[in-house]
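Below is target_15.pdb, which holds PDB, C-alpha atoms and all ligand atoms.
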ATOM      1  CA  MET A   3       0.000   0.000   0.000
ATOM      2  CA  THR A   4       1.426   3.393  -0.879
ATOM      3  CA  ALA A   5       1.784   5.910   1.913
ATOM      4  CA  ASN A   6      -0.636   8.795   1.986
ATOM      5  CA  ALA A   7      -1.067  11.752   4.269
ATOM      6  CA  THR A   8      -3.071   9.763   6.810
ATOM      7  CA  THR A   9      -1.245   6.408   7.040
ATOM      8  CA  ARG A  10       1.374   5.787   9.705
ATOM      9  CA  GLU A  11       4.587   4.606   8.056
ATOM     10  CA  ILE A  12       6.159   1.617   9.777
ATOM     11  CA  TRP A  13       9.496  -0.197   9.710
ATOM     12  CA  LEU A  14       8.948  -3.611  11.309
ATOM     13  CA  ASP A  15      11.763  -5.525  13.021
ATOM     14  CA  THR A  16      10.570  -9.016  13.803
ATOM     15  CA  ASP A  17      11.431 -12.626  14.724
ATOM     16  CA  PRO A  18       8.397 -14.631  13.536
ATOM     17  CA  GLY A  19       6.915 -16.376  15.846
ATOM     18  CA  PHE A  20       3.185 -16.563  15.614
ATOM     19  CA  ASP A  21       2.466 -13.424  17.615
ATOM     20  CA  ASP A  22       4.809 -11.622  15.198
ATOM     21  CA  TRP A  23       2.753 -13.077  12.320
ATOM     22  CA  LEU A  24      -0.473 -11.593  13.674
ATOM     23  CA  ALA A  25       1.200  -8.245  14.374
ATOM     24  CA  TRP A  26       2.552  -8.105  10.821
ATOM     25  CA  ALA A  27      -0.781  -9.184   9.321
ATOM     26  CA  LEU A  28      -2.552  -6.371  11.166
ATOM     27  CA  LEU A  29      -0.032  -3.827   9.872
ATOM     28  CA  GLU A  30      -0.615  -5.068   6.321
ATOM     29  CA  ALA A  31      -4.404  -5.291   6.610
ATOM     30  CA  ASP A  32      -5.292  -2.127   8.522
ATOM     31  CA  PRO A  33      -5.554   0.795   6.065
ATOM     32  CA  GLY A  34      -4.054   3.119   8.658
ATOM     33  CA  PHE A  35      -0.582   1.649   8.147
ATOM     34  CA  THR A  36       2.004   1.632   5.392
ATOM     35  CA  VAL A  37       4.752  -0.914   6.010
ATOM     36  CA  ARG A  38       7.901   0.485   4.388
ATOM     37  CA  GLY A  39      10.038  -2.573   5.115
ATOM     38  CA  ALA A  40      10.654  -5.508   7.421
ATOM     39  CA  SER A  41      13.947  -6.677   8.887
ATOM     40  CA  VAL A  42      14.141 -10.136  10.432
ATOM     41  CA  VAL A  43      16.212 -10.741  13.567
ATOM     42  CA  ALA A  44      17.235 -13.971  15.293
ATOM     43  CA  GLY A  45      15.094 -14.450  18.383
ATOM     44  CA  ASN A  46      12.290 -16.962  18.758
ATOM     45  CA  ALA A  47      14.482 -19.272  16.694
ATOM     46  CA  PRO A  48      17.840 -18.973  14.885
ATOM     47  CA  LEU A  49      17.864 -16.577  11.908
ATOM     48  CA  PRO A  50      17.469 -19.249   9.180
ATOM     49  CA  VAL A  51      14.282 -20.474  10.875
ATOM     50  CA  VAL A  52      12.647 -17.107  11.588
ATOM     51  CA  LEU A  53      13.669 -15.922   8.119
ATOM     52  CA  ALA A  54      12.005 -18.929   6.498
ATOM     53  CA  ASN A  55       8.911 -18.269   8.633
ATOM     54  CA  ALA A  56       8.861 -14.619   7.553
ATOM     55  CA  ARG A  57       9.270 -15.463   3.850
ATOM     56  CA  ARG A  58       6.580 -18.185   3.990
ATOM     57  CA  ILE A  59       4.099 -15.995   5.866
ATOM     58  CA  HIS A  60       4.790 -13.167   3.392
ATOM     59  CA  ALA A  61       4.218 -15.510   0.428
ATOM     60  CA  LEU A  62       1.057 -17.008   1.938
ATOM     61  CA  HIS A  63      -0.529 -13.561   2.265
ATOM     62  CA  GLY A  64       0.915 -12.215  -0.976
ATOM     63  CA  TRP A  65       2.295  -9.123   0.735
ATOM     64  CA  LYS A  66       4.489  -6.657  -1.160
ATOM     65  CA  THR A  67       6.554  -5.270   1.725
ATOM     66  CA  PRO A  68      10.293  -5.789   1.060
ATOM     67  CA  ILE A  69      11.998  -8.128   3.529
ATOM     68  CA  TRP A  70      15.639  -8.172   4.607
ATOM     69  CA  ALA A  71      17.661 -10.579   6.722
ATOM     70  CA  GLY A  72      19.126  -8.916   9.808
ATOM     71  CA  ALA A  73      21.348  -9.994  12.656
ATOM     72  CA  ASP A  74      21.868 -13.674  13.292
ATOM     73  CA  GLN A  75      23.535 -13.327  16.678
ATOM     74  CA  PRO A  76      23.163 -11.117  19.769
ATOM     75  CA  LEU A  77      25.748  -8.339  20.216
ATOM     76  CA  VAL A  78      27.740 -10.033  22.959
ATOM     77  CA  GLN A  79      26.225 -13.122  24.599
ATOM     78  CA  PRO A  80      25.806 -16.559  23.018
ATOM     79  CA  GLN A  81      22.458 -16.955  21.238
ATOM     80  CA  VAL A  82      19.402 -18.014  23.199
ATOM     81  CA  THR A  83      16.092 -18.866  21.523
ATOM     82  CA  ALA A  84      12.542 -19.744  22.599
ATOM     83  CA  GLN A  85      12.579 -23.075  20.756
ATOM     84  CA  ASP A  86      12.314 -24.908  24.065
ATOM     85  CA  VAL A  87       8.800 -23.452  24.314
ATOM     86  CA  LEU A  88       7.906 -22.789  20.683
ATOM     87  CA  GLY A  89       9.428 -25.880  19.084
ATOM     88  CA  THR A  90      12.165 -26.178  16.456
ATOM     89  CA  GLN A  91      10.212 -24.127  13.885
ATOM     90  CA  GLY A  92       9.569 -21.299  16.349
ATOM     91  CA  MET A  93       5.824 -21.794  15.958
ATOM     92  CA  HIS A  94       3.395 -24.576  16.791
ATOM     93  CA  THR A  95       0.497 -25.643  14.581
ATOM     94  CA  SER A  96      -2.442 -27.878  15.431
ATOM     95  CA  GLY A  97      -2.675 -29.038  11.825
ATOM     96  CA  ALA A  98      -1.694 -27.255   8.620
ATOM     97  CA  ALA A  99       1.940 -26.322   8.069
ATOM     98  CA  LEU A 100       3.044 -23.128   6.366
ATOM     99  CA  PRO A 101       3.471 -23.867   2.627
ATOM    100  CA  ASP A 102       7.176 -23.888   1.795
ATOM    101  CA  THR A 103       6.804 -21.238  -0.915
ATOM    102  CA  GLU A 104       9.046 -18.363   0.180
ATOM    103  CA  SER A 105       9.000 -14.742  -0.900
ATOM    104  CA  ALA A 106      12.255 -13.320  -2.175
ATOM    105  CA  LEU A 107      14.611 -11.557   0.198
ATOM    106  CA  GLN A 108      16.029  -8.155  -0.655
ATOM    107  CA  ARG A 109      19.791  -7.997  -1.162
ATOM    108  CA  GLY A 110      21.869  -6.459   1.615
ATOM    109  CA  HIS A 111      21.553  -6.405   5.387
ATOM    110  CA  GLY A 112      18.385  -5.469   7.221
ATOM    111  CA  VAL A 113      20.226  -2.965   9.411
ATOM    112  CA  ASP A 114      21.442  -1.035   6.353
ATOM    113  CA  ALA A 115      17.969  -1.190   4.824
ATOM    114  CA  MET A 116      16.447   0.177   8.040
ATOM    115  CA  ILE A 117      18.986   3.028   8.101
ATOM    116  CA  ASP A 118      18.416   3.851   4.433
ATOM    117  CA  CYS A 119      14.636   3.891   4.858
ATOM    118  CA  VAL A 120      14.670   6.187   7.901
ATOM    119  CA  ARG A 121      17.193   8.543   6.252
ATOM    120  CA  ALA A 122      15.027   8.643   3.115
ATOM    121  CA  HIS A 123      11.908   9.554   5.122
ATOM    122  CA  PRO A 124      13.134  11.766   7.967
ATOM    123  CA  GLY A 125      10.577  12.266  10.723
ATOM    124  CA  ARG A 126       8.074   9.874   9.177
ATOM    125  CA  ILE A 127       9.019   6.301  10.054
ATOM    126  CA  THR A 128       7.807   4.641  13.254
ATOM    127  CA  LEU A 129      10.208   1.814  14.114
ATOM    128  CA  LEU A 130       8.253  -1.106  15.599
ATOM    129  CA  ALA A 131      10.529  -3.702  17.211
ATOM    130  CA  ILE A 132       8.850  -6.940  18.257
ATOM    131  CA  GLY A 133      11.895  -9.164  18.648
ATOM    132  CA  PRO A 134      15.310  -8.853  20.285
ATOM    133  CA  LEU A 135      16.730  -5.340  19.736
ATOM    134  CA  THR A 136      19.934  -6.444  17.996
ATOM    135  CA  ASN A 137      19.106  -4.853  14.623
ATOM    136  CA  VAL A 138      17.940  -1.618  16.248
ATOM    137  CA  ALA A 139      21.100  -1.318  18.349
ATOM    138  CA  LEU A 140      23.309  -2.021  15.319
ATOM    139  CA  ALA A 141      21.430   0.621  13.311
ATOM    140  CA  PHE A 142      21.781   3.236  16.064
ATOM    141  CA  ALA A 143      25.511   2.483  16.331
ATOM    142  CA  LYS A 144      26.095   2.599  12.563
ATOM    143  CA  ALA A 145      23.969   5.731  12.066
ATOM    144  CA  PRO A 146      24.088   7.781  15.290
ATOM    145  CA  GLU A 147      21.625  10.298  13.873
ATOM    146  CA  LEU A 148      18.946   7.630  13.407
ATOM    147  CA  PRO A 149      16.987   8.011  16.687
ATOM    148  CA  GLY A 150      16.550  11.710  15.923
ATOM    149  CA  LEU A 151      15.128  10.928  12.487
ATOM    150  CA  LEU A 152      12.380   8.589  13.705
ATOM    151  CA  ALA A 153       8.717   9.558  14.047
ATOM    152  CA  GLY A 154       8.588   7.114  16.962
ATOM    153  CA  LEU A 155      10.109   3.988  18.485
ATOM    154  CA  VAL A 156       7.697   1.301  19.717
ATOM    155  CA  ILE A 157       9.063  -1.796  21.431
ATOM    156  CA  MET A 158       7.463  -5.033  22.634
ATOM    157  CA  GLY A 159       9.705  -6.120  25.474
ATOM    158  CA  GLY A 160      10.598  -5.998  29.123
ATOM    159  CA  SER A 161       8.451  -5.918  32.206
ATOM    160  CA  LEU A 162       7.765  -3.853  35.293
ATOM    161  CA  GLY A 163       8.179  -6.922  37.455
ATOM    162  CA  ALA A 164       8.442 -10.640  36.799
ATOM    163  CA  GLY A 165       9.802 -11.966  33.534
ATOM    164  CA  ASN A 166       8.493 -14.672  31.193
ATOM    165  CA  THR A 167      11.855 -16.230  30.438
ATOM    166  CA  THR A 168      13.878 -15.837  33.651
ATOM    167  CA  PRO A 169      12.195 -14.845  36.909
ATOM    168  CA  VAL A 170      12.886 -11.203  36.027
ATOM    169  CA  ALA A 171      13.605 -11.017  32.268
ATOM    170  CA  GLU A 172      11.224 -10.928  29.306
ATOM    171  CA  PHE A 173      12.403 -12.879  26.242
ATOM    172  CA  ASN A 174      13.156 -10.056  23.753
ATOM    173  CA  ILE A 175      15.369  -8.279  26.290
ATOM    174  CA  HIS A 176      16.818 -11.515  27.675
ATOM    175  CA  ALA A 177      17.874 -12.561  24.162
ATOM    176  CA  ASP A 178      20.131  -9.506  23.754
ATOM    177  CA  PRO A 179      20.467  -7.384  26.909
ATOM    178  CA  GLU A 180      23.384  -5.319  25.545
ATOM    179  CA  ALA A 181      21.330  -4.345  22.498
ATOM    180  CA  ALA A 182      18.382  -3.346  24.661
ATOM    181  CA  SER A 183      20.626  -1.329  26.975
ATOM    182  CA  GLN A 184      22.114   0.548  24.016
ATOM    183  CA  VAL A 185      18.673   1.261  22.555
ATOM    184  CA  PHE A 186      17.235   2.598  25.820
ATOM    185  CA  ALA A 187      20.339   4.756  26.237
ATOM    186  CA  ARG A 188      19.295   6.578  23.033
ATOM    187  CA  ALA A 189      15.493   6.390  23.519
ATOM    188  CA  ARG A 190      15.148  10.017  24.637
ATOM    189  CA  GLU A 191      16.475  11.231  21.295
ATOM    190  CA  VAL A 192      13.413   9.969  19.403
ATOM    191  CA  PRO A 193      11.329  13.097  18.699
ATOM    192  CA  GLY A 194       8.030  11.242  18.665
ATOM    193  CA  GLY A 195       8.916   9.356  21.836
ATOM    194  CA  THR A 196       9.786   5.774  22.758
ATOM    195  CA  ARG A 197       7.019   3.483  24.012
ATOM    196  CA  LEU A 198       7.520   0.142  25.719
ATOM    197  CA  PHE A 199       4.900  -2.619  25.768
ATOM    198  CA  GLY A 200       5.972  -5.109  28.390
ATOM    199  CA  ILE A 201       4.621  -8.323  29.794
ATOM    200  CA  GLU A 202       2.060  -6.734  32.123
ATOM    201  CA  VAL A 203       0.162  -4.812  29.457
ATOM    202  CA  CYS A 204       0.459  -7.597  26.873
ATOM    203  CA  ARG A 205      -1.073 -10.047  29.345
ATOM    204  CA  GLN A 206      -4.182  -7.829  29.338
ATOM    205  CA  VAL A 207      -4.619  -8.838  25.673
ATOM    206  CA  GLN A 208      -5.529 -12.514  25.573
ATOM    207  CA  GLY A 209      -6.346 -14.759  22.610
ATOM    208  CA  GLY A 210      -8.293 -17.990  22.862
ATOM    209  CA  ASP A 211     -10.548 -20.498  21.140
ATOM    210  CA  ALA A 212     -13.284 -17.949  20.393
ATOM    211  CA  HIS A 213     -10.820 -15.814  18.417
ATOM    212  CA  VAL A 214      -9.465 -18.851  16.603
ATOM    213  CA  ALA A 215     -13.005 -19.906  15.671
ATOM    214  CA  ALA A 216     -13.943 -16.422  14.492
ATOM    215  CA  LEU A 217     -10.937 -16.358  12.164
ATOM    216  CA  ARG A 218     -11.374 -19.930  10.971
ATOM    217  CA  GLU A 219     -14.469 -18.802   9.133
ATOM    218  CA  GLY A 220     -12.187 -16.635   7.031
ATOM    219  CA  GLY A 221     -14.048 -13.724   5.543
ATOM    220  CA  GLY A 222     -13.197 -10.705   3.469
ATOM    221  CA  ARG A 223     -11.776 -11.546   0.058
ATOM    222  CA  ALA A 224     -11.416 -15.233   0.621
ATOM    223  CA  ALA A 225     -14.275 -17.681   0.486
ATOM    224  CA  ARG A 226     -15.381 -19.187   3.821
ATOM    225  CA  GLY A 227     -12.738 -21.558   5.182
ATOM    226  CA  SER A 228     -10.008 -20.335   2.831
ATOM    227  CA  GLU A 229      -6.731 -22.224   2.855
ATOM    228  CA  ARG A 230      -5.034 -19.105   4.254
ATOM    229  CA  ALA A 231      -7.547 -18.948   7.101
ATOM    230  CA  ALA A 232      -7.006 -22.640   7.891
ATOM    231  CA  ILE A 233      -3.214 -22.302   7.972
ATOM    232  CA  LEU A 234      -3.256 -19.151  10.104
ATOM    233  CA  THR A 235      -5.868 -20.457  12.536
ATOM    234  CA  ASP A 236      -4.118 -23.804  12.943
ATOM    235  CA  HIS A 237      -1.037 -21.853  14.012
ATOM    236  CA  PHE A 238      -3.196 -19.629  16.263
ATOM    237  CA  ASP A 239      -4.614 -22.838  17.777
ATOM    238  CA  GLY A 240      -1.054 -24.091  18.236
ATOM    239  CA  TYR A 241      -0.139 -20.833  19.989
ATOM    240  CA  VAL A 242      -3.145 -21.034  22.342
ATOM    241  CA  GLY A 243      -2.321 -24.721  22.851
ATOM    242  CA  MET A 244       0.839 -23.700  24.711
ATOM    243  CA  ALA A 245      -1.340 -21.921  27.263
ATOM    244  CA  ARG A 246      -3.812 -24.799  27.407
ATOM    245  CA  ARG A 247      -0.992 -27.178  28.295
ATOM    246  CA  ARG A 248      -0.262 -24.931  31.275
ATOM    247  CA  GLY A 249      -3.898 -25.016  32.379
ATOM    248  CA  ARG A 250      -4.899 -21.677  30.932
ATOM    249  CA  ALA A 251      -7.644 -21.134  28.327
ATOM    250  CA  THR A 252      -6.027 -18.114  26.652
ATOM    251  CA  ALA A 253      -2.572 -16.827  25.711
ATOM    252  CA  PRO A 254      -1.054 -13.311  25.840
ATOM    253  CA  MET A 255      -0.953 -11.774  22.366
ATOM    254  CA  TYR A 256       2.370 -10.023  22.928
ATOM    255  CA  ASP A 257       3.385  -8.553  19.578
ATOM    256  CA  LEU A 258      -0.002  -7.384  18.343
ATOM    257  CA  THR A 259      -0.460  -5.256  21.486
ATOM    258  CA  PRO A 260       1.757  -2.344  20.332
ATOM    259  CA  VAL A 261       0.166  -2.532  16.873
ATOM    260  CA  ALA A 262      -3.255  -2.036  18.504
ATOM    261  CA  TRP A 263      -1.866   0.979  20.374
ATOM    262  CA  LEU A 264      -0.611   2.484  17.119
ATOM    263  CA  ALA A 265      -4.092   2.083  15.639
ATOM    264  CA  HIS A 266      -6.148   2.893  18.749
ATOM    265  CA  PRO A 267      -4.144   4.652  21.485
ATOM    266  CA  GLU A 268      -7.411   5.508  23.227
ATOM    267  CA  TRP A 269      -7.623   1.869  24.396
ATOM    268  CA  PHE A 270      -4.391   2.204  26.395
ATOM    269  CA  THR A 271      -2.846   4.161  29.239
ATOM    270  CA  LEU A 272       0.886   4.833  29.377
ATOM    271  CA  GLN A 273       3.159   6.287  32.028
ATOM    272  CA  PRO A 274       6.508   8.071  31.665
ATOM    273  CA  ALA A 275       9.472   6.204  33.142
ATOM    274  CA  HIS A 276      13.201   5.768  33.028
ATOM    275  CA  VAL A 277      14.043   2.324  31.634
ATOM    276  CA  ASP A 278      17.436   0.682  32.026
ATOM    277  CA  VAL A 279      18.586  -2.895  31.439
ATOM    278  CA  GLU A 280      20.531  -4.933  33.981
ATOM    279  CA  LEU A 281      23.665  -6.369  32.358
ATOM    280  CA  ARG A 282      25.762  -7.642  35.238
ATOM    281  CA  GLY A 283      23.394  -9.321  37.664
ATOM    282  CA  THR A 284      24.001 -13.043  37.987
ATOM    283  CA  LEU A 285      20.300 -13.643  38.559
ATOM    284  CA  THR A 286      18.929 -10.417  37.071
ATOM    285  CA  ARG A 287      20.719 -10.001  33.735
ATOM    286  CA  GLY A 288      18.213  -8.919  31.070
ATOM    287  CA  MET A 289      15.834  -7.349  33.574
ATOM    288  CA  THR A 290      14.283  -4.020  32.573
ATOM    289  CA  VAL A 291      14.657  -1.748  35.576
ATOM    290  CA  CYS A 292      11.802   0.772  35.340
ATOM    291  CA  GLU A 293      11.906   3.910  37.498
ATOM    292  CA  LEU A 294       8.374   5.336  37.502
ATOM    293  CA  ARG A 295       9.229   8.189  39.906
ATOM    294  CA  VAL A 296      10.069  10.606  37.128
ATOM    295  CA  PRO A 297      11.187  13.332  36.862
ATOM    296  CA  GLN A 298      11.918  13.426  40.603
ATOM    297  CA  ARG A 299      14.221  10.375  40.705
ATOM    298  CA  ALA A 300      15.296  10.124  37.073
ATOM    299  CA  THR A 301      14.839  11.685  33.675
ATOM    300  CA  PRO A 302      12.184   9.825  31.677
ATOM    301  CA  ASN A 303      13.423   8.132  28.487
ATOM    302  CA  ALA A 304      10.236   6.288  27.531
ATOM    303  CA  GLU A 305       6.558   5.769  28.214
ATOM    304  CA  ILE A 306       5.521   2.361  29.510
ATOM    305  CA  ALA A 307       2.095   0.993  28.589
ATOM    306  CA  MET A 308       0.263   0.220  31.823
ATOM    307  CA  THR A 309      -3.300  -0.769  30.808
ATOM    308  CA  ALA A 310      -5.046  -2.049  27.692
ATOM    309  CA  ASP A 311      -8.707  -2.687  26.886
ATOM    310  CA  GLY A 312      -8.025  -6.273  25.870
ATOM    311  CA  ASP A 313     -11.545  -7.000  24.653
ATOM    312  CA  ARG A 314     -11.545  -4.019  22.313
ATOM    313  CA  VAL A 315      -8.054  -4.887  21.089
ATOM    314  CA  MET A 316      -8.946  -8.475  20.272
ATOM    315  CA  GLY A 317     -12.293  -7.476  18.745
ATOM    316  CA  TRP A 318     -10.432  -5.070  16.459
ATOM    317  CA  ALA A 319      -7.735  -7.602  15.644
ATOM    318  CA  VAL A 320     -10.226 -10.323  14.644
ATOM    319  CA  GLU A 321     -12.241  -7.899  12.526
ATOM    320  CA  VAL A 322      -9.174  -6.601  10.682
ATOM    321  CA  LEU A 323      -7.662 -10.062  10.215
ATOM    322  CA  ARG A 324     -10.917 -11.549   8.895
ATOM    323  CA  GLY A 325     -10.797  -8.957   6.171
ATOM    324  CA  ALA A 326      -7.288 -10.117   5.278
ATOM    325  CA  LEU A 327      -8.013 -13.846   5.031
TER     326      LEU A 327
HETATM  327  O1  LIG B 401       8.184 -12.160  25.341
HETATM  328  C1  LIG B 401       7.407 -12.125  24.173
HETATM  329  C2  LIG B 401       8.235 -11.800  22.979
HETATM  330  O2  LIG B 401       9.196 -12.824  22.758
HETATM  331  C3  LIG B 401       7.406 -11.746  21.669
HETATM  332  O3  LIG B 401       7.960 -10.802  20.801
HETATM  333  C4  LIG B 401       7.549 -13.121  21.115
HETATM  334  O4  LIG B 401       7.403 -13.159  19.688
HETATM  335  C5  LIG B 401       8.969 -13.435  21.484
HETATM  336  O5  LIG B 401       9.814 -12.831  20.511
HETATM  337 CA    CA B 402       8.471 -11.465  18.527
END

Structure rendered as structure tokens:
Amino acid sequence: MTANATTREIWLDTDPGFDDWLAWALLEADPGFTVRGASVVAGNAPLPVVLANARRIHALHGWKTPIWAGADQPLVQPQVTAQDVLGTQGMHTSGAALPDTESALQRGHGVDAMIDCVRAHPGRITLLAIGPLTNVALAFAKAPELPGLLAGLVIMGGSLGAGNTTPVAEFNIHADPEAASQVFARAREVPGGTRLFGIEVCRQVQGGDAHVAALREGGGRAARGSERAAILTDHFDGYVGMARRRGRATAPMYDLTPVAWLAHPEWFTLQPAHVDVELRGTLTRGMTVCELRVPQRATPNAEIAMTADGDRVMGWAVEVLRGAL
């Protein structure tokens, strides 16, 4: 979709993962967004796996957004993935697999493509990072002016309290703490502001069987029960299945939460904070340390999303996605 005066222009940095898939699909389907490009980063699974997922998802939906491969390793630490939870492919399915048709990759590195895009559209690109922040940190290091050229920086990651990977660390931060630390050190330079969507607010947005069923009917352009709807909803069912196996009926829809805020900020409340990342703690490495007593105790560098109207978010997401299936 070409950008016009009213669409919000997005650069997506992602590590698909099913919640990434839904976030991306919403960006492509909602007319309020123009996706300028997508860079893929190692995270949920090693780069070859998340890249194949991205290219297959892109081909399944017939999207036109150019895709680049980004970083395959964290900045400093050995790679960690979520394959222990998500399986070798980084996504579960209760039935249909992603067809192995893959969209073409753009030549060059995703970090350079991100830099080029932001430089070409100063003040207009919102950088949405829904995986480890390796590509974003590399871009900020290679092009120090980049944060100042962004319309906004929106991150899914971190937490105010407990983690989802270690007792105190959320996965995207845990996977590359040095990258996250470097990004938050520059967050104040983003003219449109930096927003952080952590575990607590994402857990207020839950997906379950009712949402899977609503999407399984397909809708929009495709006939009822389209192949695309079956493949996506089998993966949605696989994602919810992880929660079911832990005795819960629904799963947090992490990565689509910031997309919903971009489309409908009125469904959220945010609070200014100073966010830092613990790098040295034996037990706390990868923890986002959020000082909410700003500006008294610290200078704010971000806004943290505190509440979400989860029912409205999921109602919107299902409606938009049905139109895309
Ligand atoms: O902690 C949730 C985050 O880790 C999401 O972005 C999910 O896709 C994984 O990358
Ligand atoms: Ca992700």

Give me, as JSON lines, each residue of range 85-170 of chain A that comes within 9 Å of range 277-285 of chain A, together with its shortest interatomic pair and the distance in Å at one decimal, counting all atoms listed in the file, with rows ordered by chain and rising residue number.
{"residue": "A:Gly160", "atom": "CA", "partner": "A:Val279", "partner_atom": "CA", "distance": 8.9}
{"residue": "A:Thr168", "atom": "CA", "partner": "A:Leu285", "partner_atom": "CA", "distance": 8.4}
{"residue": "A:Pro169", "atom": "CA", "partner": "A:Leu285", "partner_atom": "CA", "distance": 8.4}
{"residue": "A:Val170", "atom": "CA", "partner": "A:Leu285", "partner_atom": "CA", "distance": 8.2}

## Note on the structure
The residue from A:Met255, A:Val315, A:Ala115, A:Val82 with the smallest atom-to-atom distance to ligand CA 402 (chain B), counting only C-alpha atoms and all ligand atoms, is A:Met255

### Task
For ligand CA 402 (chain B), list the contacting residues at 7 Å or closer, counting all atoms listed in the file, as a PyMOL selection string.
chain A and resi 16-19+21-22+46+132-133+257

### Summary
Restricting to all atoms listed in the file, whichever of A:Leu28, A:Ala56, A:Ala47, A:Ala153 is closest to ligand LIG 401 (chain B) is A:Ala47

### Query
ligand LIG 401 (chain B): which residues are within 10 Å, counting all atoms listed in the file, as a ChimeraX atom specification?
/A:16-23,25,43-47,83-84,88,92-93,131-134,157-161,165-167,171-177,199-201,204,254-258

### Query
In Å, with one decimal, what is the gap from CA of Gly312 in chain A to CA of Val242 in chain A?
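So the two atoms, CA of Gly312 in chain A and CA of Val242 in chain A, lie 15.9 Å apart.
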
### Task
Spell out the residues picked by the PyMOL selection byres (((chain A and resi 147) around 12) and not hetatm) here, as a PyMOL selection string.
chain A and resi 117-118+120-121+124-125+141-146+148-152+188+191-193

I need the chosen residues saved as an mmCIF file, in the coordinates of the input, with C-alpha atoms.
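This went into selection.cif:
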data_model
loop_
_atom_site.group_PDB
_atom_site.id
_atom_site.type_symbol
_atom_site.label_atom_id
_atom_site.label_comp_id
_atom_site.auth_asym_id
_atom_site.auth_seq_id
_atom_site.Cartn_x
_atom_site.Cartn_y
_atom_site.Cartn_z
ATOM 1 C CA ILE A 117 18.986 3.028 8.101
ATOM 2 C CA ASP A 118 18.416 3.851 4.433
ATOM 3 C CA VAL A 120 14.670 6.187 7.901
ATOM 4 C CA ARG A 121 17.193 8.543 6.252
ATOM 5 C CA PRO A 124 13.134 11.766 7.967
ATOM 6 C CA GLY A 125 10.577 12.266 10.723
ATOM 7 C CA ALA A 141 21.430 0.621 13.311
ATOM 8 C CA PHE A 142 21.781 3.236 16.064
ATOM 9 C CA ALA A 143 25.511 2.483 16.331
ATOM 10 C CA LYS A 144 26.095 2.599 12.563
ATOM 11 C CA ALA A 145 23.969 5.731 12.066
ATOM 12 C CA PRO A 146 24.088 7.781 15.290
ATOM 13 C CA LEU A 148 18.946 7.630 13.407
ATOM 14 C CA PRO A 149 16.987 8.011 16.687
ATOM 15 C CA GLY A 150 16.550 11.710 15.923
ATOM 16 C CA LEU A 151 15.128 10.928 12.487
ATOM 17 C CA LEU A 152 12.380 8.589 13.705
ATOM 18 C CA ARG A 188 19.295 6.578 23.033
ATOM 19 C CA GLU A 191 16.475 11.231 21.295
ATOM 20 C CA VAL A 192 13.413 9.969 19.403
ATOM 21 C CA PRO A 193 11.329 13.097 18.699
#

#### Entry: Among listed residues A:Leu327, A:Leu130, A:Leu198, A:Val291, nearest Glu219 in chain A (using all atoms listed in the file)
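Using all atoms listed in the file, Glu219 in chain A sits closest to A:Leu327.
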
### Task
Go through A:Leu294, A:Gly240, A:Ala310, A:Ala189 and flag the residue nearest Glu202 in chain A, using all atoms listed in the file for the distances.
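For Glu202 in chain A, the nearest of the candidates is A:Ala310.
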
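Counting all atoms listed in the file and comparing A:Ala73, A:Ala164, A:Leu155, A:Val52, the residue that lies closest to Gly288 in chain A is A:Ala164.
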
#### Entry: Explicit residue set for the PyMOL selection byres (((chain A and resi 238) around 9) and not hetatm), as a PyMOL selection string
chain A and resi 20-21+24+94-96+209-211+213-214+233-237+239-243

#### Entry: Minimum-distance residue to Val322 in chain A, chosen among A:Val261, A:Ala40, A:Leu135, A:Leu62 (using only C-alpha atoms)
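Nearest candidate to Val322 in chain A out of A:Val261, A:Ala40, A:Leu135, A:Leu62: A:Val261.
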
### Task
Take the PyMOL selection byres (((chain A and resi 218) around 7) and not hetatm), apply it to the structure above, and return the hits as a list of chain:residue names.
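With the PyMOL selection byres (((chain A and resi 218) around 7) and not hetatm) on this model, the match is A:Val214, A:Ala215, A:Ala216, A:Leu217, A:Glu219, A:Gly220, A:Gly227, A:Ala231, A:Ala232, A:Thr235.
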
### Task
Record the distance separating CA of Thr128 in chain A and CA of Trp13 in chain A, expressed in Å with one decimal.
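CA of Trp13 in chain A lies at a distance of 6.2 Å from CA of Thr128 in chain A.
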
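Relative to CA of Glu11 in chain A, CA of Val37 in chain A is found at 5.9 Å.
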
### Message
Env of Val78 in chain A: 9 Å cut, atoms = all atoms listed in the file, seq-sep filter 6 positions within chain, self excluded. Answer as a VMD selection string.
### Response
chain A and resid 178 to 181

#### Entry: Long-range neighbours of Leu107 in chain A as a PyMOL selection string, 7 Å cut-off, all atoms listed in the file, 2 positions minimum in chain
chain A and resi 69-70+105+109
